[in-house]
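Below you'll find the structure, written out as structure tokens, and then a few comments.
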Amino acid sequence: MKHTLFQIAGIGTTMLLATAAHGQKTTQQSPNVVFILADDIGYGDFSCNGSKTIHTPNVDRLAKQGVRFTDAHTVASTSTPSRYSLLTGEYSWRRPDTGVAAGDAGMIIRPEQPTMADLFQTAGYKTGVIGKWHLGLGDKTGTQNWNGYITPGLKDIGFDYSYIMAATGDRVPCVFVENQRVVNLDPNDPISVSYKKPFAGEPLGKTHPELLTVQKPSLNHGHNQAIVNGISRIGYMKGGKQALWKDENIGDSITHKAVQFIENSSAEPFFLYFATNDVHVPRVPHPRFVGKSGMGPRGDALLEFDWSVSEIIRALEEKGVLENTLIVLTSDNGPVVDDGYADQAVQLLGEHRPWGPFRGGKYSSFEAGTRVPLIVSWADEIKPKVSNALVSQVDFYASMAALLKQTLPTGAAPDSQNQLKALMGKDKKGREYVMEHAGSLAVSDGTWKYIAPRNGSGYSKLTNIETGASKEPQLYNLKKDLGEQKNIAKENPKKVAAMQKIIADEKAKSKR
């Protein structure tokens with residue numbers, strides 16, 4: 001690992017352990033840190049954020065005992081780039097290779113890059129990543145050895161332990177990878193993966209729709225290739241039958257591994273990056289949750305996510321470390337209702353508004369694309385409150401460095417700011433501005449929101465989401481027009497120019 005990149009500055013990891021009785025509090029000098037990253041969950045999907053149509057009591061519990069943010073943002077409105085920025089502290093739009101990753105993409109975070117996991121590992125923490133990854137594996141696209149040790153891998157970027165989905169739920173290979181090896185792989189049934197051409201003899205969703213017994217793709221979405229568990233995916237795959245996940249068990253599998261990691265690591269400080277898959281398509285919640293929300297698979301998946309949160313809390317309580325654990329709960333981007341499968345999510349949505357009071361959603365430059373739920377809870381240190389501070393996920397890296405009293409090396413986390421006071425609820429303002437990307441750049445200072453012009457349709461017929469694309473500059477006053485309904489760019493040329501300068505200055509940093 002890259003331990004020499006970091007200079008330890010004063011945080012000890014010596015621990016004073018209480019008797020390890022079940023549920024008895026453990027005292028340790030360094031706080032544990034758990035990141036719970038939801039997938040495609042919108043600001044309005046939690047009851048603590050005002051939803052009257054869904055009940056998420058365990059998320060609400062964290063909100064009641066921590067800081068619940070109203071103006072927190074991802075860097076991008078899609079999965080791969082937002083996760084890249086969270087873990088590296090760098091704006092994903094600075095690199096051309098951080099778009100939504102194929103299932104056989106090479107590692108987007110390169111081994112030579114410092115990561116937030118490196119930060120914790122160097123400070124003496126045990127580090128783990130569990131759940132959806134979607135940031136590539138191996139050296140180059142299409143060259144992974146799915147039947148052996150996959151390298152480079154997550155151990156090369158700071159994680160001691162990993163149990164991950166190879167990519168994401170709607171892309172092959174549909175297998176778990178534990179410590180860089182496919183789980184339950186039968187060597188006599190090797191895996192082959194292609195994103196270029198199908199394998200002879202393997203049925204596809206578009207040619208064998210009668211085999212789609214669990215879910216069928218929406219029209220023209222492209223989820224009509226390899227069939228796994230009665231669902232067609234993006235990409236082609238053959239072999240590995242024993243290793244294939246069962247979609248209804250994904251939530252249970254990754255939650256069990258997360259709980260196990262906590263149980264095995266509680267005698268020392270630990271950092272856990274727990275990324276769930278629940279609300280991302282294809283949505284196949286466990287039978288325990290089917291029909292419970294009244295909103296079909298998407299609503300049921302929200303309840304399953306809340307259950308996963310409860311299991312994390314329970315594990316921390318039982319090991320006696322909940323009070324000394326900093327929990328960050330957020331989402332990778334805004335919501336989408338129909339994202340490629342005919343699961344009746346649109347028809348059964350009813351009065352539920354996953355995007356809350358905002359316009360747009362996943363893939364969009366409007367607020368609902370990147371304004372996401374964020375809760376920060378730490379019973380020993382944080383007083384409950386609602387914060388309107390402007391915060392960005394790109395700042396988690398530098399803020400965790402401040403928490404650990406570490407000095408980052410030159411070049412690490414170049415866009416990350418120390419916003420620890422804001423995250424702890426002690427600073428009401430937060431950032432001067434946040435940068436967002438969804439086809440074009442946007443900037444918001446909490447009051448004024450500017451979206452740079454770009455070509456493209458302003459509305460996606462595939463997802464029924466307003467993209468925010470326009471050939472004209474867009475400016476909105478969020479204090480007066482939270483739903484971004486009235487473009488006032490022409491009436492405010494000086495403000496437009498000021499926002500354009502911010503973007504130009506940020507772009508110029510990439511050339512240095």
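Simple scheme: letters A, B, ... for chains in structure tokens order, numbers from 1 for residues in each chain, numbers from 1 for ligands in the order shown.
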
Who sits within 12 Å of region 192-195 of chain A, only C-alpha atoms, same chain under 4 positions skipped, as a tab-separated table (two decimals) with N, CA and C atoms, in the first residue's frame:
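Done, and the output landed in part16.tsv:
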```tsv
chain	number	residue	atom	x	y	z
A	101	ALA	N	-19.21	3.02	-15.90
A	101	ALA	CA	-18.27	1.95	-16.28
A	101	ALA	C	-18.99	0.71	-16.78
A	102	ALA	N	-18.42	0.11	-17.82
A	102	ALA	CA	-18.89	-1.21	-18.27
A	102	ALA	C	-18.54	-2.25	-17.21
A	103	GLY	N	-19.17	-3.41	-17.32
A	103	GLY	CA	-18.92	-4.46	-16.33
A	103	GLY	C	-17.53	-5.03	-16.39
A	104	ASP	N	-16.84	-4.86	-17.52
A	104	ASP	CA	-15.48	-5.37	-17.64
A	104	ASP	C	-14.46	-4.24	-17.72
A	105	ALA	N	-14.81	-3.08	-17.16
A	105	ALA	CA	-13.88	-1.94	-17.17
A	105	ALA	C	-12.66	-2.24	-16.31
A	141	THR	N	-9.59	-2.65	-19.60
A	141	THR	CA	-10.91	-3.13	-19.96
A	141	THR	C	-10.83	-4.44	-20.74
A	142	GLY	N	-11.63	-5.42	-20.30
A	142	GLY	CA	-11.74	-6.69	-21.00
A	142	GLY	C	-10.59	-7.65	-20.80
A	143	THR	N	-9.67	-7.35	-19.89
A	143	THR	CA	-8.51	-8.22	-19.71
A	143	THR	C	-8.50	-8.95	-18.36
A	144	GLN	N	-9.56	-8.83	-17.59
A	144	GLN	CA	-9.57	-9.46	-16.26
A	144	GLN	C	-9.54	-10.98	-16.35
A	145	ASN	N	-8.87	-11.58	-15.39
A	145	ASN	CA	-8.90	-13.03	-15.26
A	145	ASN	C	-9.98	-13.38	-14.24
A	146	TRP	N	-11.21	-13.52	-14.72
A	146	TRP	CA	-12.32	-13.79	-13.81
A	146	TRP	C	-12.20	-15.15	-13.14
A	147	ASN	N	-11.32	-15.98	-13.61
A	147	ASN	CA	-11.18	-17.34	-13.10
A	147	ASN	C	-9.97	-17.52	-12.20
A	166	ALA	N	-19.08	-7.28	-8.92
A	166	ALA	CA	-18.04	-6.96	-9.89
A	166	ALA	C	-18.27	-5.59	-10.53
A	171	ARG	N	-25.43	-5.27	-15.07
A	171	ARG	CA	-24.32	-5.58	-15.97
A	171	ARG	C	-23.62	-6.88	-15.55
A	172	VAL	N	-23.23	-7.66	-16.55
A	172	VAL	CA	-22.46	-8.87	-16.25
A	172	VAL	C	-21.00	-8.48	-15.99
A	173	PRO	N	-20.23	-9.33	-15.26
A	173	PRO	CA	-20.60	-10.62	-14.72
A	173	PRO	C	-21.39	-10.48	-13.42
A	174	CYS	N	-22.40	-11.30	-13.25
A	174	CYS	CA	-23.27	-11.22	-12.09
A	174	CYS	C	-22.74	-12.13	-10.97
A	175	VAL	N	-21.59	-11.75	-10.44
A	175	VAL	CA	-20.91	-12.55	-9.43
A	175	VAL	C	-20.35	-11.62	-8.34
A	199	PHE	N	-21.90	-14.83	-26.97
A	199	PHE	CA	-21.29	-16.15	-27.05
A	199	PHE	C	-22.26	-17.12	-27.73
A	200	ALA	N	-21.75	-17.90	-28.61
A	200	ALA	CA	-22.58	-18.85	-29.35
A	200	ALA	C	-23.31	-19.79	-28.39
A	202	GLU	N	-25.54	-19.08	-26.17
A	202	GLU	CA	-26.06	-18.47	-24.95
A	202	GLU	C	-27.29	-17.63	-25.29
A	225	GLN	N	-29.60	-8.41	-23.14
A	225	GLN	CA	-28.51	-9.29	-23.57
A	225	GLN	C	-28.43	-10.53	-22.69
A	226	ALA	N	-27.33	-10.81	-22.01
A	226	ALA	CA	-27.20	-12.06	-21.25
A	226	ALA	C	-28.33	-12.21	-20.23
A	233	ARG	N	-29.55	-8.71	-18.99
A	233	ARG	CA	-28.65	-7.66	-18.52
A	233	ARG	C	-27.98	-6.96	-19.70
A	234	ILE	N	-27.07	-6.06	-19.37
A	234	ILE	CA	-26.18	-5.45	-20.35
A	234	ILE	C	-24.89	-6.27	-20.38
A	235	GLY	N	-24.45	-6.64	-21.59
A	235	GLY	CA	-23.23	-7.42	-21.73
A	235	GLY	C	-23.52	-8.90	-21.95
A	236	TYR	N	-22.47	-9.62	-22.29
A	236	TYR	CA	-22.59	-11.04	-22.61
A	236	TYR	C	-21.72	-11.86	-21.64
A	237	MET	N	-22.23	-13.01	-21.27
A	237	MET	CA	-21.53	-13.84	-20.28
A	237	MET	C	-21.87	-15.30	-20.52
A	238	LYS	N	-20.90	-16.16	-20.26
A	238	LYS	CA	-21.17	-17.59	-20.22
A	238	LYS	C	-20.33	-18.21	-19.10
A	239	GLY	N	-20.79	-19.36	-18.62
A	239	GLY	CA	-20.07	-20.06	-17.55
A	239	GLY	C	-20.34	-19.46	-16.18
A	240	GLY	N	-19.63	-20.01	-15.19
A	240	GLY	CA	-19.73	-19.51	-13.82
A	240	GLY	C	-21.09	-19.70	-13.19
A	241	LYS	N	-21.83	-20.71	-13.61
A	241	LYS	CA	-23.21	-20.87	-13.13
A	241	LYS	C	-23.29	-20.98	-11.61
```

* To do: Considering only C-alpha atoms, return as number ranges by chain whatever protein or nucleic-acid residues lie within 12 Å of Ser460 (chain A), sequence-local ones (same chain, fewer than 3 positions apart) excluded.
  => A: 221, 336, 338-339, 360-364, 456-457, 463-469

Grab the residues selected above and save them as a tab-separated table (two decimals), in the first residue's frame with N, CA and C atoms.
```tsv
chain	number	residue	atom	x	y	z
A	221	HIS	N	-34.24	0.11	-23.87
A	221	HIS	CA	-33.24	0.45	-22.85
A	221	HIS	C	-31.93	-0.30	-23.02
A	336	VAL	N	-34.16	7.64	-10.06
A	336	VAL	CA	-34.78	7.36	-11.35
A	336	VAL	C	-35.84	6.30	-11.09
A	338	ASP	N	-38.11	4.70	-13.77
A	338	ASP	CA	-37.95	3.68	-14.81
A	338	ASP	C	-36.55	3.80	-15.38
A	339	ASP	N	-35.69	2.85	-15.05
A	339	ASP	CA	-34.32	2.88	-15.56
A	339	ASP	C	-33.97	1.61	-16.31
A	360	GLY	N	-35.81	17.30	-11.92
A	360	GLY	CA	-34.85	16.38	-12.51
A	360	GLY	C	-34.73	15.08	-11.74
A	361	GLY	N	-33.56	14.46	-11.84
A	361	GLY	CA	-33.29	13.19	-11.19
A	361	GLY	C	-31.96	12.67	-11.67
A	362	LYS	N	-31.73	11.39	-11.54
A	362	LYS	CA	-30.51	10.78	-12.04
A	362	LYS	C	-30.30	11.20	-13.50
A	363	TYR	N	-29.07	11.43	-13.89
A	363	TYR	CA	-28.67	11.86	-15.23
A	363	TYR	C	-28.90	13.35	-15.48
A	364	SER	N	-29.45	14.08	-14.52
A	364	SER	CA	-29.90	15.45	-14.77
A	364	SER	C	-28.98	16.50	-14.16
A	456	GLY	N	-28.05	18.63	-26.87
A	456	GLY	CA	-28.76	17.46	-26.39
A	456	GLY	C	-30.19	17.79	-26.04
A	457	SER	N	-30.97	16.74	-25.90
A	457	SER	CA	-32.38	16.90	-25.56
A	457	SER	C	-32.55	17.29	-24.10
A	463	THR	N	-36.02	7.62	-19.63
A	463	THR	CA	-36.13	7.66	-18.17
A	463	THR	C	-37.21	8.61	-17.67
A	464	ASN	N	-37.85	9.37	-18.58
A	464	ASN	CA	-38.85	10.36	-18.19
A	464	ASN	C	-38.29	11.38	-17.20
A	465	ILE	N	-37.05	11.81	-17.48
A	465	ILE	CA	-36.38	12.78	-16.62
A	465	ILE	C	-35.93	13.97	-17.45
A	466	GLU	N	-36.13	15.17	-16.91
A	466	GLU	CA	-35.60	16.37	-17.54
A	466	GLU	C	-34.09	16.42	-17.32
A	467	THR	N	-33.34	16.46	-18.40
A	467	THR	CA	-31.88	16.36	-18.30
A	467	THR	C	-31.22	17.67	-17.90
A	468	GLY	N	-31.88	18.78	-18.15
A	468	GLY	CA	-31.25	20.08	-17.91
A	468	GLY	C	-30.43	20.58	-19.07
A	469	ALA	N	-30.37	19.80	-20.15
A	469	ALA	CA	-29.60	20.23	-21.32
A	469	ALA	C	-30.30	21.39	-22.02
```

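In this model, the gap between CA of Trp133 (chain A) and CA of Asn220 (chain A) comes to 25.9 Å.
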
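Using only C-alpha atoms, the smallest distance between any of A:Gly148, A:Lys126, A:Gly42, A:Val177 and Glu268 (chain A) comes from A:Lys126.
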
Tell me which protein, DNA and RNA residues are within 10 Å of Trp307 (chain A), counting only C-alpha atoms, leaving out same-chain ones fewer than 6 positions away, and put them as a PDB file with N, CA and C atoms, in the first residue's frame.
```pdb
ATOM      1  N   THR A  56     -39.045   4.942   6.778  1.00  0.00           N
ATOM      2  CA  THR A  56     -37.674   4.434   6.921  1.00  0.00           C
ATOM      3  C   THR A  56     -37.187   4.709   8.352  1.00  0.00           C
ATOM      4  N   PRO A  57     -37.656   3.944   9.319  1.00  0.00           N
ATOM      5  CA  PRO A  57     -37.389   4.250  10.724  1.00  0.00           C
ATOM      6  C   PRO A  57     -35.924   4.188  11.125  1.00  0.00           C
ATOM      7  N   ASN A  58     -35.144   3.332  10.493  1.00  0.00           N
ATOM      8  CA  ASN A  58     -33.744   3.199  10.898  1.00  0.00           C
ATOM      9  C   ASN A  58     -32.882   4.323  10.336  1.00  0.00           C
ATOM     10  N   VAL A  59     -33.187   4.745   9.117  1.00  0.00           N
ATOM     11  CA  VAL A  59     -32.554   5.955   8.594  1.00  0.00           C
ATOM     12  C   VAL A  59     -32.966   7.141   9.441  1.00  0.00           C
ATOM     13  N   GLY A 251     -29.088  -8.129  -1.175  1.00  0.00           N
ATOM     14  CA  GLY A 251     -29.131  -7.314   0.041  1.00  0.00           C
ATOM     15  C   GLY A 251     -28.697  -8.089   1.271  1.00  0.00           C
ATOM     16  N   ASP A 252     -29.207  -9.319   1.405  1.00  0.00           N
ATOM     17  CA  ASP A 252     -28.827 -10.157   2.543  1.00  0.00           C
ATOM     18  C   ASP A 252     -27.337 -10.479   2.509  1.00  0.00           C
ATOM     19  N   THR A 255     -25.153  -7.333   3.299  1.00  0.00           N
ATOM     20  CA  THR A 255     -25.384  -6.891   4.672  1.00  0.00           C
ATOM     21  C   THR A 255     -24.751  -7.859   5.661  1.00  0.00           C
ATOM     22  N   PHE A 289     -39.671  -8.485   1.921  1.00  0.00           N
ATOM     23  CA  PHE A 289     -40.078  -7.101   1.704  1.00  0.00           C
ATOM     24  C   PHE A 289     -41.068  -6.938   0.550  1.00  0.00           C
ATOM     25  N   ALA A 301     -37.695  -2.104  -2.204  1.00  0.00           N
ATOM     26  CA  ALA A 301     -36.238  -2.017  -2.092  1.00  0.00           C
ATOM     27  C   ALA A 301     -35.817  -0.918  -1.117  1.00  0.00           C
ATOM     28  N   ILE A 313     -26.493  -0.814  12.428  1.00  0.00           N
ATOM     29  CA  ILE A 313     -26.645  -0.223  13.760  1.00  0.00           C
ATOM     30  C   ILE A 313     -26.632  -1.310  14.826  1.00  0.00           C
TER      31      ILE A 313
END
```

Run DSSP on the backbone and grab whatever in region 164-329 of chain A lands in strand (DSSP E); send it over as a PDB file with C-alpha atoms, in the first residue's frame.
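Saved as selection27.pdb:
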```pdb
ATOM      1  CA  ILE A 164     -18.065  -6.630  -3.937  1.00  0.00           C
ATOM      2  CA  MET A 165     -20.360  -6.921  -6.907  1.00  0.00           C
ATOM      3  CA  PHE A 176     -19.440 -11.491  -6.103  1.00  0.00           C
ATOM      4  CA  VAL A 177     -15.700 -10.962  -5.847  1.00  0.00           C
ATOM      5  CA  GLU A 178     -14.118 -11.506  -2.433  1.00  0.00           C
ATOM      6  CA  ARG A 181     -11.401 -13.792  -6.475  1.00  0.00           C
ATOM      7  CA  VAL A 182     -14.863 -14.729  -7.733  1.00  0.00           C
ATOM      8  CA  SER A 192     -16.201 -15.608 -20.005  1.00  0.00           C
ATOM      9  CA  VAL A 193     -17.358 -11.991 -20.362  1.00  0.00           C
ATOM     10  CA  SER A 194     -17.698  -9.788 -23.423  1.00  0.00           C
ATOM     11  CA  ILE A 227     -29.903 -13.716 -19.143  1.00  0.00           C
ATOM     12  CA  VAL A 228     -29.153 -14.364 -15.476  1.00  0.00           C
ATOM     13  CA  ILE A 231     -33.471 -11.227 -16.052  1.00  0.00           C
ATOM     14  CA  SER A 232     -31.608  -9.966 -19.106  1.00  0.00           C
ATOM     15  CA  TYR A 236     -22.593 -11.044 -22.607  1.00  0.00           C
ATOM     16  CA  MET A 237     -21.530 -13.842 -20.283  1.00  0.00           C
ATOM     17  CA  LYS A 238     -21.166 -17.593 -20.218  1.00  0.00           C
ATOM     18  CA  PHE A 270     -12.077   0.272  11.415  1.00  0.00           C
ATOM     19  CA  PHE A 271     -13.303   1.995   8.272  1.00  0.00           C
ATOM     20  CA  LEU A 272     -16.151   0.366   6.358  1.00  0.00           C
ATOM     21  CA  TYR A 273     -17.370   1.520   2.956  1.00  0.00           C
ATOM     22  CA  PHE A 274     -20.739  -0.221   2.598  1.00  0.00           C
ATOM     23  CA  ALA A 275     -22.377   0.407  -0.780  1.00  0.00           C
ATOM     24  CA  THR A 325     -18.622   5.305  15.422  1.00  0.00           C
ATOM     25  CA  LEU A 326     -19.007   8.083  12.889  1.00  0.00           C
ATOM     26  CA  ILE A 327     -21.712   7.012  10.420  1.00  0.00           C
ATOM     27  CA  VAL A 328     -22.127   8.782   7.087  1.00  0.00           C
ATOM     28  CA  LEU A 329     -25.280   7.855   5.162  1.00  0.00           C
TER      29      LEU A 329
END
```

* Asked: as number ranges by chain, which residues of region 172-254 of chain A does DSSP assign to helix (DSSP H, G or I)?
  -> A: 209-211, 241-243, 247-254

Just write the chosen residues, N, CA and C atoms, as a short mmCIF file (atom, residue, chain, number, x, y, z; two decimals), in the first residue's frame.
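Writing the result to selection_39.cif gives the following:
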```cif
data_model
loop_
_atom_site.label_atom_id
_atom_site.label_comp_id
_atom_site.auth_asym_id
_atom_site.auth_seq_id
_atom_site.Cartn_x
_atom_site.Cartn_y
_atom_site.Cartn_z
N PRO A 209 -37.22 -14.00 -25.18
CA PRO A 209 -37.99 -13.29 -24.14
C PRO A 209 -38.78 -14.23 -23.24
N GLU A 210 -39.05 -15.45 -23.73
CA GLU A 210 -39.79 -16.41 -22.90
C GLU A 210 -39.01 -16.85 -21.67
N LEU A 211 -37.69 -16.60 -21.67
CA LEU A 211 -36.86 -16.98 -20.52
C LEU A 211 -36.79 -15.87 -19.46
N LYS A 241 -21.83 -20.71 -13.61
CA LYS A 241 -23.21 -20.87 -13.13
C LYS A 241 -23.29 -20.98 -11.61
N GLN A 242 -22.35 -21.69 -11.00
CA GLN A 242 -22.37 -21.87 -9.54
C GLN A 242 -22.08 -20.56 -8.81
N ALA A 243 -21.40 -19.65 -9.46
CA ALA A 243 -20.99 -18.40 -8.81
C ALA A 243 -22.01 -17.27 -8.95
N ASP A 247 -30.53 -12.54 -7.30
CA ASP A 247 -30.83 -11.13 -7.12
C ASP A 247 -31.58 -10.83 -5.82
N GLU A 248 -32.51 -11.70 -5.45
CA GLU A 248 -33.28 -11.45 -4.23
C GLU A 248 -32.44 -11.59 -2.97
N ASN A 249 -31.24 -12.16 -3.10
CA ASN A 249 -30.37 -12.35 -1.94
C ASN A 249 -29.21 -11.36 -1.87
N ILE A 250 -29.11 -10.44 -2.84
CA ILE A 250 -27.99 -9.51 -2.85
C ILE A 250 -27.95 -8.69 -1.56
N GLY A 251 -29.09 -8.13 -1.18
CA GLY A 251 -29.13 -7.31 0.04
C GLY A 251 -28.70 -8.09 1.27
N ASP A 252 -29.21 -9.32 1.41
CA ASP A 252 -28.83 -10.16 2.54
C ASP A 252 -27.34 -10.48 2.51
N SER A 253 -26.82 -10.79 1.32
CA SER A 253 -25.42 -11.21 1.20
C SER A 253 -24.46 -10.11 1.63
N ILE A 254 -24.66 -8.92 1.08
CA ILE A 254 -23.71 -7.85 1.39
C ILE A 254 -23.91 -7.33 2.81
#
```

Set the distance at 10 Å and use only C-alpha atoms: which residues neighbour Lys507 (chain A) once local chain neighbours fewer than 6 positions away are removed? I'd like the list as a short mmCIF file (atom, residue, chain, number, x, y, z; two decimals) with N, CA and C atoms, in the first residue's frame.
```
data_model
loop_
_atom_site.label_atom_id
_atom_site.label_comp_id
_atom_site.auth_asym_id
_atom_site.auth_seq_id
_atom_site.Cartn_x
_atom_site.Cartn_y
_atom_site.Cartn_z
N TRP A 93 -14.97 14.92 -13.46
CA TRP A 93 -14.99 15.52 -14.79
C TRP A 93 -13.60 15.99 -15.25
N ARG A 94 -12.63 15.95 -14.37
CA ARG A 94 -11.26 16.28 -14.78
C ARG A 94 -10.64 15.17 -15.63
N LEU A 441 -21.17 21.21 -16.99
CA LEU A 441 -20.89 21.59 -15.61
C LEU A 441 -21.94 22.55 -15.08
N LYS A 501 -17.04 32.33 -14.57
CA LYS A 501 -15.63 32.48 -14.17
C LYS A 501 -15.23 31.38 -13.19
#
```

So that I can see what lies close to Arg298 (chain A), please list as a compact mmCIF listing (two decimals) with N, CA and C atoms, in the first residue's frame the residues with an atom at most 12 Å from it, counting only C-alpha atoms and leaving out residues fewer than 5 positions away in the same chain.
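Contents of the output file selection-v6.txt:
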```txt
# COMPACT_ATOMS: atom_id res chain seq x y z
N ASP A 39 -27.81 3.55 -3.40
CA ASP A 39 -27.72 3.57 -4.86
C ASP A 39 -29.04 4.09 -5.45
N ASP A 40 -28.99 5.21 -6.14
CA ASP A 40 -30.17 5.79 -6.82
C ASP A 40 -31.29 6.17 -5.86
N ILE A 41 -30.97 6.40 -4.61
CA ILE A 41 -31.99 6.85 -3.66
C ILE A 41 -32.01 8.37 -3.64
N GLY A 42 -33.19 8.94 -3.82
CA GLY A 42 -33.33 10.38 -3.92
C GLY A 42 -33.57 11.07 -2.59
N ASP A 45 -36.81 10.15 -0.80
CA ASP A 45 -37.10 8.74 -0.57
C ASP A 45 -37.10 8.33 0.90
N ILE A 54 -43.48 6.66 2.42
CA ILE A 54 -42.56 5.57 2.76
C ILE A 54 -42.08 5.79 4.19
N ASN A 277 -27.04 -1.98 -3.09
CA ASN A 277 -27.50 -2.05 -4.48
C ASN A 277 -29.01 -1.86 -4.61
N ASP A 278 -29.71 -1.87 -3.48
CA ASP A 278 -31.16 -2.09 -3.44
C ASP A 278 -32.00 -1.42 -4.53
N VAL A 279 -31.92 -0.10 -4.65
CA VAL A 279 -32.89 0.61 -5.47
C VAL A 279 -32.45 0.68 -6.94
N HIS A 280 -31.20 0.33 -7.21
CA HIS A 280 -30.75 0.27 -8.60
C HIS A 280 -31.43 -0.91 -9.31
N VAL A 281 -31.70 -0.71 -10.60
CA VAL A 281 -32.31 -1.80 -11.37
C VAL A 281 -31.29 -2.89 -11.68
N PRO A 282 -31.74 -4.13 -11.87
CA PRO A 282 -33.10 -4.62 -11.68
C PRO A 282 -33.43 -4.74 -10.20
N ARG A 283 -34.62 -4.32 -9.84
CA ARG A 283 -35.02 -4.32 -8.43
C ARG A 283 -35.73 -5.62 -8.10
N VAL A 284 -35.06 -6.44 -7.30
CA VAL A 284 -35.63 -7.73 -6.91
C VAL A 284 -35.45 -7.87 -5.40
N PRO A 285 -36.29 -7.21 -4.61
CA PRO A 285 -36.14 -7.29 -3.15
C PRO A 285 -36.40 -8.70 -2.64
N HIS A 286 -35.85 -8.98 -1.48
CA HIS A 286 -36.06 -10.27 -0.85
C HIS A 286 -37.56 -10.47 -0.57
N PHE A 289 -39.67 -8.49 1.92
CA PHE A 289 -40.08 -7.10 1.70
C PHE A 289 -41.07 -6.94 0.55
N VAL A 290 -41.29 -8.00 -0.21
CA VAL A 290 -42.15 -7.90 -1.37
C VAL A 290 -43.58 -7.55 -0.96
N GLY A 291 -44.10 -6.48 -1.56
CA GLY A 291 -45.47 -6.05 -1.29
C GLY A 291 -45.64 -5.20 -0.05
N LYS A 292 -44.58 -4.95 0.69
CA LYS A 292 -44.69 -4.24 1.96
C LYS A 292 -44.87 -2.72 1.79
N SER A 293 -44.37 -2.18 0.71
CA SER A 293 -44.43 -0.72 0.54
C SER A 293 -45.69 -0.25 -0.18
N LEU A 303 -37.42 -0.20 1.60
CA LEU A 303 -37.58 -0.82 2.92
C LEU A 303 -36.43 -1.78 3.21
N GLU A 304 -35.96 -2.46 2.17
CA GLU A 304 -34.83 -3.37 2.34
C GLU A 304 -33.56 -2.59 2.69
N PHE A 305 -33.37 -1.45 2.04
CA PHE A 305 -32.23 -0.61 2.40
C PHE A 305 -32.31 -0.20 3.86
N PRO A 335 -32.59 10.14 -7.92
CA PRO A 335 -33.42 8.97 -8.20
C PRO A 335 -33.84 8.86 -9.66
N VAL A 336 -34.16 7.64 -10.06
CA VAL A 336 -34.78 7.36 -11.35
C VAL A 336 -35.84 6.30 -11.09
N VAL A 337 -36.99 6.45 -11.70
CA VAL A 337 -38.08 5.50 -11.46
C VAL A 337 -38.03 4.37 -12.48
N ASP A 338 -38.11 4.70 -13.77
CA ASP A 338 -37.95 3.68 -14.81
C ASP A 338 -36.55 3.80 -15.38
N ASP A 339 -35.69 2.85 -15.05
CA ASP A 339 -34.32 2.88 -15.56
C ASP A 339 -33.97 1.61 -16.31
N TYR A 341 -36.22 -1.48 -16.68
CA TYR A 341 -36.96 -2.71 -16.49
C TYR A 341 -38.43 -2.40 -16.22
N ALA A 342 -39.28 -3.26 -16.73
CA ALA A 342 -40.73 -3.07 -16.60
C ALA A 342 -41.19 -3.61 -15.25
N ASP A 343 -40.91 -2.87 -14.19
CA ASP A 343 -41.24 -3.33 -12.84
C ASP A 343 -42.40 -2.56 -12.22
N GLN A 344 -43.13 -1.81 -13.03
CA GLN A 344 -44.31 -1.05 -12.62
C GLN A 344 -43.99 0.07 -11.63
N ALA A 345 -42.73 0.47 -11.57
CA ALA A 345 -42.36 1.52 -10.63
C ALA A 345 -43.09 2.83 -10.92
N VAL A 346 -43.27 3.14 -12.19
CA VAL A 346 -43.98 4.38 -12.55
C VAL A 346 -45.45 4.28 -12.18
N GLN A 347 -46.07 3.17 -12.55
CA GLN A 347 -47.50 2.99 -12.32
C GLN A 347 -47.85 2.97 -10.83
N LEU A 348 -46.95 2.44 -10.01
CA LEU A 348 -47.24 2.26 -8.58
C LEU A 348 -46.67 3.37 -7.71
N LEU A 349 -46.09 4.40 -8.34
CA LEU A 349 -45.45 5.46 -7.56
C LEU A 349 -46.45 6.22 -6.69
N HIS A 352 -45.83 9.38 -4.12
CA HIS A 352 -44.44 9.43 -3.69
C HIS A 352 -43.61 10.25 -4.67
N PRO A 354 -39.72 10.72 -5.20
CA PRO A 354 -38.34 10.40 -4.82
C PRO A 354 -37.40 11.60 -4.91
```

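Picture a line from CA of Tyr125 (chain A) to CA of Val394 (chain A); it runs 21.2 Å.
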
* Asked: So what do you get for CA of Tyr161 (chain A) versus CA of Val129 (chain A), distance-wise?
  -> 6.4 Å

* **Distance query Ser266 (chain A) at most 9 Å, only C-alpha atoms, self and fewer than 2 positions along chain excluded, as number ranges by chain** => A: 26, 32, 261-264, 268-270, 316, 319-321

* To do: Extract, using only C-alpha atoms, all DNA, RNA and protein residues at most 8 Å from Lys479 (chain A), discarding same-chain residues fewer than 6 positions from it, and format them as an NGL selection string.
  => :A and (446-448)
